[in-house]
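Since the structure comes first, as structure tokens, the remarks are kept for the end.
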Amino acid sequence: MVSAQLLQTPFEDMNRMQLILNSVLVVILVALLIHVIRFLHVYFKFRHIPGYVSILPPMLASIFAGEMYVDYGYKCTLKAFLDNPEANLVKVQNGYGIVFAVARDHDLIKEMLVRKYKTFAKDEKMWEPLALFGHNILSADSMNPIWKKHRTLANPIFSNASHLRNVFRVTVEELPHMIEYLRRHYSVDQENQSIRNVNITQELKSITLTVINKVAFDYDIQLFDRLQDIVRKCISQLDIY
């Protein structure tokens, strides 16, 4: 009697474990099926718009690609633009999530930014780091009173065509300096001369600061010429024991 109970207990444990594994497998398969259905729904709904498409969710796709999540998003968007250079609008679909990027449709840009800006909401999570010290024109949604206040103060910059032409001119002038800086301080593929492993967030901040200083204050901070020397000077002054 005792021996029969002892033999029965391991089998019961095995059956219980098998039941748990089967339940987990069913849940995974159901979740996968739902994901595929939602992916196909979004894909066929916007299949007429060119761009980048991946069935994997963005976080999972970035892990498989061995990339940081934000950097992976940048590369997907860049690939969408490069693969469709003539498109006015491109999409980036990862899983059933999809975003659109306007390339060069002037009427659509005006429609979004001027006529119907209230119907387009910002991704608050994406811009949240810029709101560290409070909401501003970049982080606040267009329905936020803070955004309206900042936008009103900045209105002369956007409404005056000469200011925009000046920003464009300075940006075009500074881009070769930035590219030359990147070639000096980042690795370059000798076959196709592409620049690799760029801290794109930092370099975009640098070009933005350079353009703002030249346009707003008429002062050239020469960031791409002096930055490396300043860093080296600071490092040389550190006492390392």
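Labeling convention for the structure tokens: chains A, B, ... as they appear, residues from 1 per chain, ligands from 1 in order of appearance.
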Can you tell me which residues surround His106 in chain A at a distance of at most 12 Å, considering only C-alpha atoms, apart from same-chain residues fewer than 5 positions away, and format the answer as a PyMOL selection string? chain A and resi 88-89+111-114
Generate the output file for the selected residues, C-alpha atoms, as an mmCIF file, in the first residue's frame.
data_model
loop_
_atom_site.group_PDB
_atom_site.id
_atom_site.type_symbol
_atom_site.label_atom_id
_atom_site.label_comp_id
_atom_site.auth_asym_id
_atom_site.auth_seq_id
_atom_site.Cartn_x
_atom_site.Cartn_y
_atom_site.Cartn_z
ATOM 1 C CA ASN A 88 6.771 61.576 -49.952
ATOM 2 C CA LEU A 89 5.707 59.453 -46.992
ATOM 3 C CA GLU A 111 -1.523 70.234 -43.145
ATOM 4 C CA MET A 112 0.020 68.585 -40.074
ATOM 5 C CA LEU A 113 1.838 71.553 -38.578
ATOM 6 C CA VAL A 114 -0.521 74.413 -39.414
#
Write down as number ranges by chain the residues belonging to range 133-209 of chain A that are assigned helix (DSSP H, G or I) by DSSP computed on the backbone. A: 145-159, 161-185, 200-209
Residues from the last selection, N, CA and C atoms, saved as a CSV table (one decimal), in the first residue's frame:
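What ended up in again.csv:
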chain,number,residue,atom,x,y,z
A,145,PRO,N,-1.1,74.0,-22.6
A,145,PRO,CA,-0.9,75.4,-22.6
A,145,PRO,C,0.6,75.9,-22.6
A,146,ILE,N,1.4,75.0,-22.0
A,146,ILE,CA,2.9,75.3,-22.1
A,146,ILE,C,3.4,75.3,-23.5
A,147,TRP,N,3.0,74.4,-24.3
A,147,TRP,CA,3.4,74.3,-25.7
A,147,TRP,C,2.9,75.6,-26.4
A,148,LYS,N,1.7,76.0,-26.2
A,148,LYS,CA,1.2,77.2,-26.9
A,148,LYS,C,2.0,78.4,-26.5
A,149,LYS,N,2.3,78.5,-25.2
A,149,LYS,CA,3.1,79.7,-24.8
A,149,LYS,C,4.5,79.7,-25.5
A,150,HIS,N,5.2,78.6,-25.5
A,150,HIS,CA,6.5,78.5,-26.1
A,150,HIS,C,6.4,78.7,-27.6
A,151,ARG,N,5.4,78.1,-28.2
A,151,ARG,CA,5.2,78.2,-29.6
A,151,ARG,C,5.0,79.7,-30.0
A,152,THR,N,4.2,80.4,-29.2
A,152,THR,CA,4.0,81.8,-29.5
A,152,THR,C,5.3,82.6,-29.4
A,153,LEU,N,6.1,82.3,-28.4
A,153,LEU,CA,7.4,83.0,-28.3
A,153,LEU,C,8.3,82.7,-29.4
A,154,ALA,N,8.2,81.5,-29.9
A,154,ALA,CA,9.1,81.1,-31.0
A,154,ALA,C,8.5,81.4,-32.4
A,155,ASN,N,7.3,81.9,-32.4
A,155,ASN,CA,6.6,82.1,-33.7
A,155,ASN,C,7.4,83.0,-34.7
A,156,PRO,N,8.1,84.0,-34.3
A,156,PRO,CA,8.8,84.8,-35.3
A,156,PRO,C,9.9,84.0,-36.1
A,157,ILE,N,10.5,83.0,-35.4
A,157,ILE,CA,11.5,82.2,-36.1
A,157,ILE,C,10.9,81.4,-37.2
A,158,PHE,N,9.7,80.8,-37.0
A,158,PHE,CA,9.0,79.9,-37.9
A,158,PHE,C,8.2,80.7,-39.0
A,159,SER,N,7.8,81.9,-38.7
A,159,SER,CA,6.9,82.6,-39.6
A,159,SER,C,7.7,83.5,-40.6
A,161,ALA,N,10.3,84.0,-43.3
A,161,ALA,CA,11.0,83.1,-44.3
A,161,ALA,C,12.5,83.4,-44.4
A,162,SER,N,12.9,84.6,-44.1
A,162,SER,CA,14.3,84.9,-44.1
A,162,SER,C,15.1,84.1,-43.0
A,163,HIS,N,14.4,84.0,-41.8
A,163,HIS,CA,15.0,83.2,-40.7
A,163,HIS,C,15.2,81.7,-41.1
A,164,LEU,N,14.2,81.2,-41.8
A,164,LEU,CA,14.3,79.8,-42.2
A,164,LEU,C,15.3,79.6,-43.2
A,165,ARG,N,15.5,80.6,-44.2
A,165,ARG,CA,16.5,80.5,-45.2
A,165,ARG,C,17.9,80.6,-44.5
A,166,ASN,N,18.0,81.4,-43.5
A,166,ASN,CA,19.3,81.5,-42.8
A,166,ASN,C,19.6,80.2,-42.1
A,167,VAL,N,18.6,79.6,-41.4
A,167,VAL,CA,18.9,78.3,-40.7
A,167,VAL,C,19.3,77.3,-41.7
A,168,PHE,N,18.6,77.2,-42.9
A,168,PHE,CA,19.0,76.3,-43.9
A,168,PHE,C,20.4,76.5,-44.4
A,169,ARG,N,20.8,77.8,-44.7
A,169,ARG,CA,22.1,78.1,-45.2
A,169,ARG,C,23.2,77.7,-44.2
A,170,VAL,N,23.0,78.0,-42.9
A,170,VAL,CA,24.0,77.7,-41.9
A,170,VAL,C,24.1,76.2,-41.7
A,171,THR,N,23.0,75.5,-41.8
A,171,THR,CA,23.0,74.0,-41.6
A,171,THR,C,23.8,73.4,-42.7
A,172,VAL,N,23.6,73.9,-44.0
A,172,VAL,CA,24.3,73.3,-45.1
A,172,VAL,C,25.8,73.7,-45.0
A,173,GLU,N,26.2,74.8,-44.4
A,173,GLU,CA,27.6,75.2,-44.2
A,173,GLU,C,28.2,74.3,-43.2
A,174,GLU,N,27.5,74.0,-42.1
A,174,GLU,CA,28.1,73.3,-41.0
A,174,GLU,C,28.2,71.7,-41.2
A,175,LEU,N,27.3,71.2,-42.1
A,175,LEU,CA,27.3,69.8,-42.3
A,175,LEU,C,28.6,69.2,-42.7
A,176,PRO,N,29.3,69.8,-43.7
A,176,PRO,CA,30.6,69.3,-44.1
A,176,PRO,C,31.6,69.3,-42.9
A,177,HIS,N,31.6,70.3,-42.0
A,177,HIS,CA,32.4,70.3,-40.9
A,177,HIS,C,32.1,69.1,-40.0
A,178,MET,N,30.8,68.8,-39.8
A,178,MET,CA,30.4,67.7,-38.9
A,178,MET,C,30.9,66.4,-39.5
A,179,ILE,N,30.7,66.2,-40.9
A,179,ILE,CA,31.1,65.0,-41.5
A,179,ILE,C,32.6,64.8,-41.4
A,180,GLU,N,33.4,65.8,-41.6
A,180,GLU,CA,34.8,65.8,-41.5
A,180,GLU,C,35.2,65.4,-40.1
A,181,TYR,N,34.5,65.9,-39.1
A,181,TYR,CA,34.8,65.6,-37.7
A,181,TYR,C,34.5,64.1,-37.5
A,182,LEU,N,33.4,63.6,-38.0
A,182,LEU,CA,33.0,62.2,-37.8
A,182,LEU,C,34.1,61.3,-38.4
A,183,ARG,N,34.6,61.7,-39.6
A,183,ARG,CA,35.6,60.9,-40.3
A,183,ARG,C,36.9,60.8,-39.5
A,184,ARG,N,37.2,61.9,-38.7
A,184,ARG,CA,38.4,62.0,-37.9
A,184,ARG,C,38.3,61.1,-36.7
A,185,HIS,N,37.2,61.1,-36.1
A,185,HIS,CA,37.0,60.6,-34.7
A,185,HIS,C,36.2,59.3,-34.6
A,200,ILE,N,25.1,59.3,-32.6
A,200,ILE,CA,24.3,60.2,-33.5
A,200,ILE,C,23.6,61.2,-32.6
A,201,THR,N,23.1,60.8,-31.4
A,201,THR,CA,22.4,61.7,-30.5
A,201,THR,C,23.3,62.9,-30.1
A,202,GLN,N,24.5,62.6,-29.8
A,202,GLN,CA,25.5,63.6,-29.4
A,202,GLN,C,25.8,64.5,-30.5
A,203,GLU,N,26.1,63.9,-31.7
A,203,GLU,CA,26.5,64.7,-32.8
A,203,GLU,C,25.3,65.6,-33.4
A,204,LEU,N,24.1,65.1,-33.3
A,204,LEU,CA,23.0,66.0,-33.7
A,204,LEU,C,22.8,67.1,-32.7
A,205,LYS,N,23.1,66.9,-31.4
A,205,LYS,CA,23.1,68.0,-30.4
A,205,LYS,C,24.1,69.0,-30.8
A,206,SER,N,25.3,68.5,-31.2
A,206,SER,CA,26.4,69.4,-31.5
A,206,SER,C,26.0,70.3,-32.7
A,207,ILE,N,25.5,69.7,-33.8
A,207,ILE,CA,25.1,70.5,-35.0
A,207,ILE,C,24.0,71.5,-34.7
A,208,THR,N,23.1,71.1,-33.8
A,208,THR,CA,22.0,71.9,-33.4
A,208,THR,C,22.5,73.2,-32.6
A,209,LEU,N,23.4,72.9,-31.7
A,209,LEU,CA,24.0,74.0,-30.9
A,209,LEU,C,24.8,75.0,-31.8
Give the answer as one residue: which of A:Met14, A:Pro58, A:Gly95, A:Val27 has the shortest atom-to-atom distance to Val42 in chain A, using only C-alpha atoms?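 Closest to Val42 in chain A, using only C-alpha atoms: A:Gly95.
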Between CA of Ala65 in chain A and CA of Phe39 in chain A, distance in Å (one decimal):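 Answer for the CA of Ala65 in chain A to CA of Phe39 in chain A separation: 19.7 Å.
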At a cut-off of 8 Å, using only C-alpha atoms, what residues contact Ala101 in chain A? Leave out same-chain residues fewer than 3 positions from it and give the result as a list in words.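 What passes the distance filter is Thr77, Leu89, Val90 and Lys91 of chain A.
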